[in-house]
>>> print(open('upload_18.pdb').read())   # PDB, C-alpha atoms
MODEL        1
ATOM      1  CA  MET A  18      11.059   9.219   7.544
ATOM      2  CA  HIS A  19       7.578   7.802   8.005
ATOM      3  CA  LYS A  20       7.674   4.123   9.002
ATOM      4  CA  VAL A  21       4.687   2.448   7.352
ATOM      5  CA  ILE A  22       2.934  -0.906   7.456
ATOM      6  CA  PHE A  23       0.704  -1.154   4.397
ATOM      7  CA  ASP A  24      -2.391  -3.283   5.027
ATOM      8  CA  THR A  25      -3.722  -4.097   1.588
ATOM      9  CA  ASP A  26      -5.748  -6.378  -0.691
ATOM     10  CA  PRO A  27      -4.035  -6.023  -4.100
ATOM     11  CA  GLY A  28      -6.091  -5.002  -6.134
ATOM     12  CA  VAL A  29      -5.349  -2.579  -8.947
ATOM     13  CA  ASP A  30      -5.528   0.721  -7.054
ATOM     14  CA  ASP A  31      -3.621  -0.995  -4.228
ATOM     15  CA  ALA A  32      -0.778  -1.620  -6.676
ATOM     16  CA  MET A  33      -0.534   2.073  -7.534
ATOM     17  CA  ALA A  34      -0.566   2.979  -3.845
ATOM     18  CA  LEU A  35       2.149   0.422  -3.120
ATOM     19  CA  LEU A  36       4.402   1.868  -5.811
ATOM     20  CA  PHE A  37       3.838   5.345  -4.359
ATOM     21  CA  LEU A  38       4.902   4.139  -0.905
ATOM     22  CA  HIS A  39       7.935   2.358  -2.349
ATOM     23  CA  ASN A  40       9.062   5.377  -4.373
ATOM     24  CA  HIS A  41       8.447   8.268  -1.978
ATOM     25  CA  PRO A  42      11.730   9.460  -0.411
ATOM     26  CA  GLU A  43      10.177  10.239   2.980
ATOM     27  CA  ILE A  44       8.539   6.814   3.456
ATOM     28  CA  ASP A  45      10.179   3.728   4.950
ATOM     29  CA  LEU A  46       7.912   0.815   4.002
ATOM     30  CA  ILE A  47       8.645  -1.702   6.760
ATOM     31  CA  GLY A  48       5.879  -4.216   6.150
ATOM     32  CA  ILE A  49       3.052  -5.317   3.871
ATOM     33  CA  THR A  50       0.137  -7.174   5.442
ATOM     34  CA  THR A  51      -2.517  -8.762   3.266
ATOM     35  CA  VAL A  52      -6.266  -8.957   3.748
ATOM     36  CA  PHE A  53      -9.077 -10.392   1.654
ATOM     37  CA  GLY A  54     -11.361  -8.074  -0.302
ATOM     38  CA  ASN A  55     -10.507  -7.400  -3.923
ATOM     39  CA  ALA A  56      -9.773 -11.132  -4.103
ATOM     40  CA  SER A  57      -9.298 -14.070  -1.736
ATOM     41  CA  ILE A  58      -6.538 -13.928   0.873
ATOM     42  CA  GLU A  59      -4.507 -16.452  -1.138
ATOM     43  CA  THR A  60      -4.730 -14.281  -4.249
ATOM     44  CA  THR A  61      -4.037 -10.942  -2.541
ATOM     45  CA  THR A  62      -1.001 -12.434  -0.787
ATOM     46  CA  ARG A  63       0.285 -13.889  -4.061
ATOM     47  CA  ASN A  64      -0.239 -10.485  -5.686
ATOM     48  CA  ALA A  65       1.651  -8.677  -2.916
ATOM     49  CA  LEU A  66       4.586 -11.050  -3.396
ATOM     50  CA  PHE A  67       4.427 -10.549  -7.177
ATOM     51  CA  LEU A  68       4.557  -6.759  -6.865
ATOM     52  CA  LYS A  69       7.322  -7.018  -4.251
ATOM     53  CA  ARG A  70       9.382  -9.088  -6.685
ATOM     54  CA  GLU A  71       8.685  -7.011  -9.791
ATOM     55  CA  TRP A  72       9.349  -3.655  -8.130
ATOM     56  CA  GLY A  73      12.251  -4.704  -5.911
ATOM     57  CA  ILE A  74      10.489  -3.945  -2.634
ATOM     58  CA  ASP A  75      12.383  -5.048   0.491
ATOM     59  CA  ALA A  76       9.473  -5.020   2.955
ATOM     60  CA  PRO A  77       8.324  -8.421   4.251
ATOM     61  CA  VAL A  78       4.835  -9.675   3.397
ATOM     62  CA  ALA A  79       2.630 -11.177   6.121
ATOM     63  CA  LYS A  80      -0.593 -13.003   5.263
ATOM     64  CA  GLY A  81      -3.889 -12.225   6.982
ATOM     65  CA  ASN A  82      -6.201 -14.977   8.179
ATOM     66  CA  GLY A  83      -8.834 -14.366   5.505
ATOM     67  CA  GLN A  84     -11.731 -14.106   7.950
ATOM     68  CA  THR A  85     -14.013 -11.310   9.028
ATOM     69  CA  TYR A  86     -13.788 -10.093  12.626
ATOM     70  CA  ASP A  87     -17.084 -11.857  13.291
ATOM     71  CA  PRO A  88     -16.523 -15.257  11.616
ATOM     72  CA  ALA A  89     -20.281 -15.742  11.315
ATOM     73  CA  ARG A  90     -20.452 -12.932   8.761
ATOM     74  CA  ASN A  91     -20.367 -14.233   5.196
ATOM     75  CA  THR A  92     -17.894 -12.615   2.816
ATOM     76  CA  ALA A  93     -19.189 -11.279  -0.479
ATOM     77  CA  ASP A  94     -18.183 -12.566  -3.892
ATOM     78  CA  TRP A  95     -14.883 -11.190  -5.165
ATOM     79  CA  PRO A  96     -15.280  -8.131  -7.456
ATOM     80  CA  VAL A  97     -13.837  -9.779 -10.554
ATOM     81  CA  MET A  98     -15.641  -7.268 -12.773
ATOM     82  CA  ILE A  99     -13.443  -4.515 -11.303
ATOM     83  CA  HIS A 100     -10.068  -6.133 -10.553
ATOM     84  CA  GLY A 101     -10.171  -9.219 -12.759
ATOM     85  CA  HIS A 102      -9.991 -12.886 -11.818
ATOM     86  CA  ASP A 103      -6.353 -12.571 -10.755
ATOM     87  CA  GLY A 104      -6.965  -9.346  -8.791
ATOM     88  CA  LEU A 105      -4.502  -7.444 -10.973
ATOM     89  CA  GLY A 106      -6.458  -6.775 -14.128
ATOM     90  CA  ASN A 107      -6.120 -10.256 -15.684
ATOM     91  CA  ILE A 108      -2.486  -9.702 -16.669
ATOM     92  CA  GLY A 109      -1.629 -13.353 -16.074
ATOM     93  CA  VAL A 110       0.069 -13.255 -12.678
ATOM     94  CA  PRO A 111       1.933 -16.552 -12.065
ATOM     95  CA  GLU A 112       0.128 -18.996  -9.797
ATOM     96  CA  THR A 113       3.055 -19.083  -7.371
ATOM     97  CA  ILE A 114       5.789 -16.577  -6.545
ATOM     98  CA  ASP A 115       9.116 -17.880  -5.303
ATOM     99  CA  LEU A 116       9.388 -15.523  -2.342
ATOM    100  CA  PRO A 117       8.823 -16.328   1.331
ATOM    101  CA  VAL A 118       5.915 -15.051   3.408
ATOM    102  CA  ASP A 119       6.641 -13.870   6.952
ATOM    103  CA  PRO A 120       5.859 -16.785   9.307
ATOM    104  CA  ARG A 121       3.628 -14.623  11.522
ATOM    105  CA  PRO A 122      -0.023 -13.950  10.714
ATOM    106  CA  ALA A 123      -0.626 -10.364   9.635
ATOM    107  CA  HIS A 124      -2.125  -9.186  12.924
ATOM    108  CA  ARG A 125       0.827 -10.623  14.882
ATOM    109  CA  PHE A 126       3.274  -8.987  12.471
ATOM    110  CA  ILE A 127       1.542  -5.664  13.154
ATOM    111  CA  ILE A 128       1.734  -6.156  16.933
ATOM    112  CA  ASP A 129       5.408  -7.169  16.927
ATOM    113  CA  THR A 130       6.479  -4.382  14.565
ATOM    114  CA  VAL A 131       4.603  -1.683  16.476
ATOM    115  CA  ARG A 132       6.046  -2.876  19.795
ATOM    116  CA  ALA A 133       9.537  -2.856  18.300
ATOM    117  CA  ASN A 134       9.027   0.746  17.092
ATOM    118  CA  PRO A 135       6.813   2.430  19.709
ATOM    119  CA  GLY A 136       5.314   5.721  18.588
ATOM    120  CA  GLU A 137       6.871   5.496  15.136
ATOM    121  CA  VAL A 138       4.670   3.281  12.943
ATOM    122  CA  THR A 139       1.810   4.493  10.760
ATOM    123  CA  LEU A 140      -0.678   1.869   9.655
ATOM    124  CA  ILE A 141      -2.164   2.576   6.231
ATOM    125  CA  ALA A 142      -5.124   0.259   5.706
ATOM    126  CA  VAL A 143      -6.767   0.204   2.275
ATOM    127  CA  GLY A 144      -8.877  -2.955   2.481
ATOM    128  CA  ARG A 145     -11.026  -4.547   5.147
ATOM    129  CA  MET A 146     -10.073  -3.563   8.700
ATOM    130  CA  SER A 147      -9.892  -7.233   9.758
ATOM    131  CA  ASN A 148      -6.138  -7.388  10.489
ATOM    132  CA  LEU A 149      -6.172  -4.166  12.530
ATOM    133  CA  ALA A 150      -9.167  -5.300  14.570
ATOM    134  CA  ASP A 151      -7.557  -8.708  15.172
ATOM    135  CA  ALA A 152      -4.391  -6.968  16.386
ATOM    136  CA  LEU A 153      -6.426  -4.877  18.825
ATOM    137  CA  ARG A 154      -8.282  -7.940  20.062
ATOM    138  CA  GLU A 155      -5.029  -9.769  20.822
ATOM    139  CA  ASP A 156      -3.090  -6.757  22.172
ATOM    140  CA  PRO A 157      -5.323  -3.720  22.902
ATOM    141  CA  ASP A 158      -2.390  -1.705  24.260
ATOM    142  CA  ILE A 159      -0.841  -1.297  20.804
ATOM    143  CA  ALA A 160      -3.368   1.481  20.177
ATOM    144  CA  ASN A 161      -1.229   3.661  22.439
ATOM    145  CA  LEU A 162       1.955   2.752  20.554
ATOM    146  CA  VAL A 163       0.874   3.404  16.944
ATOM    147  CA  LYS A 164       1.724   6.830  15.538
ATOM    148  CA  GLN A 165      -1.444   7.031  13.434
ATOM    149  CA  VAL A 166      -3.853   4.948  11.379
ATOM    150  CA  ILE A 167      -4.855   6.115   7.895
ATOM    151  CA  ILE A 168      -7.828   4.295   6.411
ATOM    152  CA  MET A 169      -9.124   4.270   2.859
ATOM    153  CA  GLY A 170     -12.790   3.596   3.361
ATOM    154  CA  GLY A 171     -16.128   4.996   4.336
ATOM    155  CA  ALA A 172     -18.503   7.614   3.008
ATOM    156  CA  PHE A 173     -19.802  10.369   5.269
ATOM    157  CA  ASP A 174     -21.562  13.079   3.247
ATOM    158  CA  VAL A 175     -21.846  11.160  -0.050
ATOM    159  CA  PRO A 176     -23.426   7.834  -1.073
ATOM    160  CA  GLY A 177     -21.529   4.581  -0.798
ATOM    161  CA  ASN A 178     -20.240   2.533  -3.720
ATOM    162  CA  ILE A 179     -21.314  -0.974  -2.746
ATOM    163  CA  THR A 180     -24.723   0.071  -1.387
ATOM    164  CA  PRO A 181     -26.308   3.528  -1.216
ATOM    165  CA  ALA A 182     -25.177   3.652   2.422
ATOM    166  CA  ALA A 183     -21.778   1.961   2.475
ATOM    167  CA  GLU A 184     -18.309   1.991   0.930
ATOM    168  CA  ALA A 185     -16.913  -1.423  -0.027
ATOM    169  CA  ASN A 186     -13.937  -1.712   2.366
ATOM    170  CA  ILE A 187     -16.060  -0.921   5.402
ATOM    171  CA  HIS A 188     -19.036  -2.944   4.178
ATOM    172  CA  GLY A 189     -16.808  -6.019   3.811
ATOM    173  CA  ASP A 190     -16.139  -6.213   7.569
ATOM    174  CA  PRO A 191     -18.153  -3.557   9.416
ATOM    175  CA  GLU A 192     -17.620  -5.096  12.857
ATOM    176  CA  ALA A 193     -13.858  -4.770  12.380
ATOM    177  CA  ALA A 194     -14.210  -1.196  11.138
ATOM    178  CA  ASP A 195     -16.306  -0.213  14.154
ATOM    179  CA  VAL A 196     -13.637  -1.604  16.488
ATOM    180  CA  VAL A 197     -10.874   0.261  14.649
ATOM    181  CA  MET A 198     -12.758   3.582  14.550
ATOM    182  CA  GLY A 199     -13.522   3.378  18.256
ATOM    183  CA  ALA A 200     -10.024   2.527  19.478
ATOM    184  CA  SER A 201      -7.829   5.070  21.241
ATOM    185  CA  TRP A 202      -5.319   5.500  18.433
ATOM    186  CA  ASN A 203      -5.351   8.486  16.056
ATOM    187  CA  VAL A 204      -7.440   7.579  12.985
ATOM    188  CA  VAL A 205      -7.774   9.497   9.720
ATOM    189  CA  VAL A 206     -10.471   8.221   7.352
ATOM    190  CA  VAL A 207      -9.913   9.002   3.673
ATOM    191  CA  GLY A 208     -13.198   8.003   2.085
ATOM    192  CA  LEU A 209     -15.361   8.485  -0.961
ATOM    193  CA  ASP A 210     -16.050  12.107   0.026
ATOM    194  CA  VAL A 211     -12.584  12.911  -1.336
ATOM    195  CA  THR A 212     -11.283   9.928  -3.308
ATOM    196  CA  MET A 213     -13.969  10.137  -5.994
ATOM    197  CA  LYS A 214     -12.490  13.501  -6.996
ATOM    198  CA  THR A 215      -9.112  12.018  -7.972
ATOM    199  CA  VAL A 216      -8.904  10.443 -11.417
ATOM    200  CA  MET A 217      -5.891   8.987 -13.204
ATOM    201  CA  THR A 218      -6.775   9.125 -16.893
ATOM    202  CA  ARG A 219      -5.565   6.578 -19.409
ATOM    203  CA  LYS A 220      -3.735   9.383 -21.238
ATOM    204  CA  ARG A 221      -2.045  10.610 -18.065
ATOM    205  CA  LEU A 222      -0.903   7.098 -17.139
ATOM    206  CA  ALA A 223       0.501   6.593 -20.640
ATOM    207  CA  GLU A 224       2.527   9.791 -20.315
ATOM    208  CA  LEU A 225       3.885   8.712 -16.928
ATOM    209  CA  THR A 226       4.773   5.294 -18.323
ATOM    210  CA  ALA A 227       6.740   6.902 -21.130
ATOM    211  CA  ALA A 228       8.710   8.858 -18.517
ATOM    212  CA  ASN A 229       9.474   5.922 -16.233
ATOM    213  CA  GLY A 230       9.661   2.681 -18.135
ATOM    214  CA  ARG A 231       9.439  -0.805 -16.637
ATOM    215  CA  HIS A 232       7.788  -0.080 -13.279
ATOM    216  CA  LEU A 233       5.078   2.090 -14.773
ATOM    217  CA  LYS A 234       4.659  -0.305 -17.721
ATOM    218  CA  LEU A 235       3.557  -2.999 -15.273
ATOM    219  CA  LEU A 236       1.267  -0.570 -13.449
ATOM    220  CA  SER A 237      -0.221   0.535 -16.770
ATOM    221  CA  ASP A 238      -0.850  -3.076 -17.807
ATOM    222  CA  ILE A 239      -2.503  -3.817 -14.463
ATOM    223  CA  SER A 240      -4.683  -0.704 -14.693
ATOM    224  CA  ARG A 241      -6.230  -1.234 -18.139
ATOM    225  CA  PHE A 242      -8.994  -3.541 -16.917
ATOM    226  CA  TYR A 243      -9.767  -1.201 -14.003
ATOM    227  CA  ILE A 244      -9.946   1.827 -16.297
ATOM    228  CA  ASP A 245     -12.307  -0.070 -18.595
ATOM    229  CA  PHE A 246     -14.612  -0.539 -15.596
ATOM    230  CA  TYR A 247     -14.293   2.993 -14.221
ATOM    231  CA  GLY A 248     -14.562   4.550 -17.648
ATOM    232  CA  ARG A 249     -18.305   4.102 -17.358
ATOM    233  CA  HIS A 250     -18.396   6.019 -14.093
ATOM    234  CA  VAL A 251     -15.907   8.897 -14.419
ATOM    235  CA  GLN A 252     -15.091  11.442 -17.098
ATOM    236  CA  ASP A 253     -12.028  11.416 -19.349
ATOM    237  CA  GLU A 254     -11.647   7.599 -19.403
ATOM    238  CA  GLY A 255      -9.776   7.078 -16.194
ATOM    239  CA  MET A 256      -9.649   5.338 -12.813
ATOM    240  CA  VAL A 257     -10.311   6.690  -9.355
ATOM    241  CA  VAL A 258      -7.150   6.385  -7.221
ATOM    242  CA  HIS A 259      -8.837   5.596  -3.892
ATOM    243  CA  ASP A 260      -5.936   3.902  -2.113
ATOM    244  CA  SER A 261      -3.269   6.321  -3.303
ATOM    245  CA  CYS A 262      -5.183   9.173  -1.638
ATOM    246  CA  ALA A 263      -4.660   7.555   1.764
ATOM    247  CA  CYS A 264      -0.929   7.288   1.048
ATOM    248  CA  VAL A 265      -0.674  10.894  -0.136
ATOM    249  CA  TYR A 266      -2.353  12.023   3.096
ATOM    250  CA  LEU A 267       0.618  10.632   5.040
ATOM    251  CA  VAL A 268       3.103  13.039   3.443
ATOM    252  CA  ALA A 269       0.790  15.915   2.470
ATOM    253  CA  PRO A 270      -2.109  16.230   4.939
ATOM    254  CA  GLU A 271      -2.353  19.896   4.008
ATOM    255  CA  PHE A 272      -3.990  18.826   0.729
ATOM    256  CA  PHE A 273      -7.017  17.611   2.695
ATOM    257  CA  THR A 274      -9.730  19.167   4.838
ATOM    258  CA  THR A 275     -10.826  17.079   7.809
ATOM    259  CA  ARG A 276     -13.655  17.106  10.312
ATOM    260  CA  ARG A 277     -13.205  15.784  13.838
ATOM    261  CA  GLY A 278     -15.639  13.664  15.763
ATOM    262  CA  ALA A 279     -16.411  10.177  17.030
ATOM    263  CA  ILE A 280     -17.171   7.637  14.280
ATOM    264  CA  ARG A 281     -19.397   4.572  14.427
ATOM    265  CA  VAL A 282     -20.057   1.921  11.791
ATOM    266  CA  VAL A 283     -23.504   0.389  11.281
ATOM    267  CA  THR A 284     -23.367  -3.411  11.662
ATOM    268  CA  GLY A 285     -26.581  -4.811  10.229
ATOM    269  CA  GLY A 286     -29.742  -3.883   8.388
ATOM    270  CA  ILE A 287     -30.100  -1.958   5.162
ATOM    271  CA  ALA A 288     -27.387   0.533   6.188
ATOM    272  CA  ASP A 289     -24.841  -2.203   6.986
ATOM    273  CA  GLY A 290     -21.346  -0.711   6.759
ATOM    274  CA  GLN A 291     -22.388   2.936   6.861
ATOM    275  CA  THR A 292     -19.887   5.286   8.543
ATOM    276  CA  ILE A 293     -21.490   7.957  10.717
ATOM    277  CA  GLN A 294     -19.587  10.723  12.472
ATOM    278  CA  LYS A 295     -20.785  12.782  15.411
ATOM    279  CA  PRO A 296     -18.990  16.087  14.716
ATOM    280  CA  ASP A 297     -17.194  17.676  17.633
ATOM    281  CA  GLY A 298     -19.055  20.682  18.957
ATOM    282  CA  ARG A 299     -22.497  19.400  17.973
ATOM    283  CA  ALA A 300     -24.826  18.677  20.888
ATOM    284  CA  PHE A 301     -26.954  15.516  20.827
ATOM    285  CA  PRO A 302     -28.818  13.565  23.504
ATOM    286  CA  PRO A 303     -26.816  10.720  25.100
ATOM    287  CA  GLY A 304     -26.073   7.999  22.553
ATOM    288  CA  ASP A 305     -23.752   5.357  21.160
ATOM    289  CA  TRP A 306     -21.056   7.853  20.106
ATOM    290  CA  ASP A 307     -20.460   9.068  23.671
ATOM    291  CA  GLY A 308     -17.103   8.342  25.246
ATOM    292  CA  LEU A 309     -15.412   7.417  21.969
ATOM    293  CA  PRO A 310     -12.264   9.158  20.708
ATOM    294  CA  SER A 311     -12.527  12.012  18.235
ATOM    295  CA  GLN A 312     -11.209  10.893  14.858
ATOM    296  CA  HIS A 313     -10.569  12.713  11.563
ATOM    297  CA  ALA A 314     -12.809  12.245   8.526
ATOM    298  CA  CYS A 315     -11.629  13.790   5.260
ATOM    299  CA  ILE A 316     -14.352  15.950   3.717
ATOM    300  CA  GLY A 317     -12.341  18.095   1.290
ATOM    301  CA  ILE A 318      -9.372  17.651  -1.044
ATOM    302  CA  ASP A 319      -7.164  19.636  -3.400
ATOM    303  CA  ALA A 320      -7.360  16.971  -6.082
ATOM    304  CA  GLU A 321      -4.955  18.701  -8.479
ATOM    305  CA  LYS A 322      -2.177  18.839  -5.878
ATOM    306  CA  VAL A 323      -2.797  15.244  -4.847
ATOM    307  CA  MET A 324      -2.555  14.043  -8.429
ATOM    308  CA  ALA A 325       0.544  16.146  -9.096
ATOM    309  CA  LEU A 326       2.342  14.579  -6.121
ATOM    310  CA  LEU A 327       1.203  11.126  -7.188
ATOM    311  CA  ASP A 328       2.558  11.716 -10.707
ATOM    312  CA  GLU A 329       5.877  13.018  -9.407
ATOM    313  CA  THR A 330       6.348  10.086  -7.066
ATOM    314  CA  LEU A 331       5.317   7.312  -9.441
ATOM    315  CA  VAL A 332       7.953   8.347 -12.004
ATOM    316  CA  ARG A 333      10.821   8.623  -9.504
TER
ENDMDL
END
>>> encode(input="upload_18.pdb", output="structure tokens")
Amino acid sequence: MHKVIFDTDPGVDDAMALLFLHNHPEIDLIGITTVFGNASIETTTRNALFLKREWGIDAPVAKGNGQTYDPARNTADWPVMIHGHDGLGNIGVPETIDLPVDPRPAHRFIIDTVRANPGEVTLIAVGRMSNLADALREDPDIANLVKQVIIMGGAFDVPGNITPAAEANIHGDPEAADVVMGASWNVVVVGLDVTMKTVMTRKRLAELTAANGRHLKLLSDISRFYIDFYGRHVQDEGMVVHDSCACVYLVAPEFFTTRRGAIRVVTGGIADGQTIQKPDGRAFPPGDWDGLPSQHACIGIDAEKVMALLDETLVR
């Protein structure tokens, strides 16, 4: 069993990824930590509690602090045109959910859980890297106790999606992302190079919903607004399943091709948030990538196999 803390900003594609983690038989979801991004920290935490209640998820929810790693950095406006005003496709999520939040802030929850399960916990982060960077700042030694970190974010050999240079999760807190990429834990970055090749069509989601019922009905309702947005950007009237790709990597890394090398994140200027890898085996003059750990960046994907596993798991 893979013990997982899911660091998330629900978010429509986050909801699909969460259901995948909840349903997969080889995954033990031991915590959900919330971060701002697709909506404010109050909204993403409320949404995590809503999905926990509706899908019968046992994992505790811990709220992030809602700030970037560098508090002087201004956060961008929430992407209501993509995820809706409620963060879940304007389905009318209740203002309050009668479930408790873990009393610890998200970064402290991560530290305590990792220390209680040394070498066993995978962190899957599909929003800003703020909580992970805060955990490292408070307790740097946890990097040696985490099994692996899987990130949905970044763009290496393709353009970004929030600027020509940057992907949205990394762009939202690039200082945090640079800290996380440069830490001594094992990082796998699942970015736009591969996620843009995975599309859940409206027709496919309808077929899955017919096979599953209530859980997929909610996911389908949440996804309509997102598909309306993405329908202008992908073929076959569908949505790109960014966050689910990071979750699939956990159980099926063989579906992905990776490249190793140190990774830095640009923090300022017109390329703010750009992810740049120095591939292992390439010689360069001395520079800012020297002495950093070699991390994995996904550069290839078997999209059909990824989508088949996602389908199979969502209808369990």
>>> closest_residue(input="upload_18.pdb", among="A:Glu137, A:Glu224, A:Asp24, A:Glu192", to="Pro77 of chain A", atoms="only C-alpha atoms")
A:Asp24
>>> resolve_selection(input="upload_18.pdb", expression="the PyMOL selection byres ((chain A and resi 321-327) around 10)", output="JSON, numbers by chain")
{"A": [33, 34, 36, 37, 41, 214, 215, 216, 217, 258, 261, 262, 264, 265, 266, 268, 269, 270, 271, 272, 273, 318, 319, 320, 328, 329, 330, 331, 332]}
>>> resolve_selection(input="upload_18.pdb", expression="the PyMOL selection byres ((chain A and resi 28) around 8)", output="MDAnalysis selection string")
chainID A and resid 26:27 29:32 55:56 61 100 104:105
>>> write_last_selection(input="upload_18.pdb", atoms="C-alpha atoms", output="mmCIF file, in the frame of the given file")
data_model
loop_
_atom_site.group_PDB
_atom_site.id
_atom_site.type_symbol
_atom_site.label_atom_id
_atom_site.label_comp_id
_atom_site.auth_asym_id
_atom_site.auth_seq_id
_atom_site.Cartn_x
_atom_site.Cartn_y
_atom_site.Cartn_z
ATOM 1 C CA ASP A 26 -5.748 -6.378 -0.691
ATOM 2 C CA PRO A 27 -4.035 -6.023 -4.100
ATOM 3 C CA VAL A 29 -5.349 -2.579 -8.947
ATOM 4 C CA ASP A 30 -5.528 0.721 -7.054
ATOM 5 C CA ASP A 31 -3.621 -0.995 -4.228
ATOM 6 C CA ALA A 32 -0.778 -1.620 -6.676
ATOM 7 C CA ASN A 55 -10.507 -7.400 -3.923
ATOM 8 C CA ALA A 56 -9.773 -11.132 -4.103
ATOM 9 C CA THR A 61 -4.037 -10.942 -2.541
ATOM 10 C CA HIS A 100 -10.068 -6.133 -10.553
ATOM 11 C CA GLY A 104 -6.965 -9.346 -8.791
ATOM 12 C CA LEU A 105 -4.502 -7.444 -10.973
#
>>> resolve_selection(input="upload_18.pdb", expression="the PyMOL selection byres ((chain A and resi 143-159) around 8)", output="ChimeraX atom specification")
/A:23-26,31,52-55,81-82,84-86,123-125,127-128,131-132,141-142,160-163,168-170,186-187,189-190,193-194,196-197,260,263
>>> atom_distance(input="upload_18.pdb", atom1="atom CA of Met256 of chain A", atom2="atom CA of Ile244 of chain A")
5.0 Å
>>> closest_residue(input="upload_18.pdb", among="A:Ile99, A:Val211, A:Leu222, A:Val205", to="Gln312 of chain A", atoms="only C-alpha atoms")
A:Val205
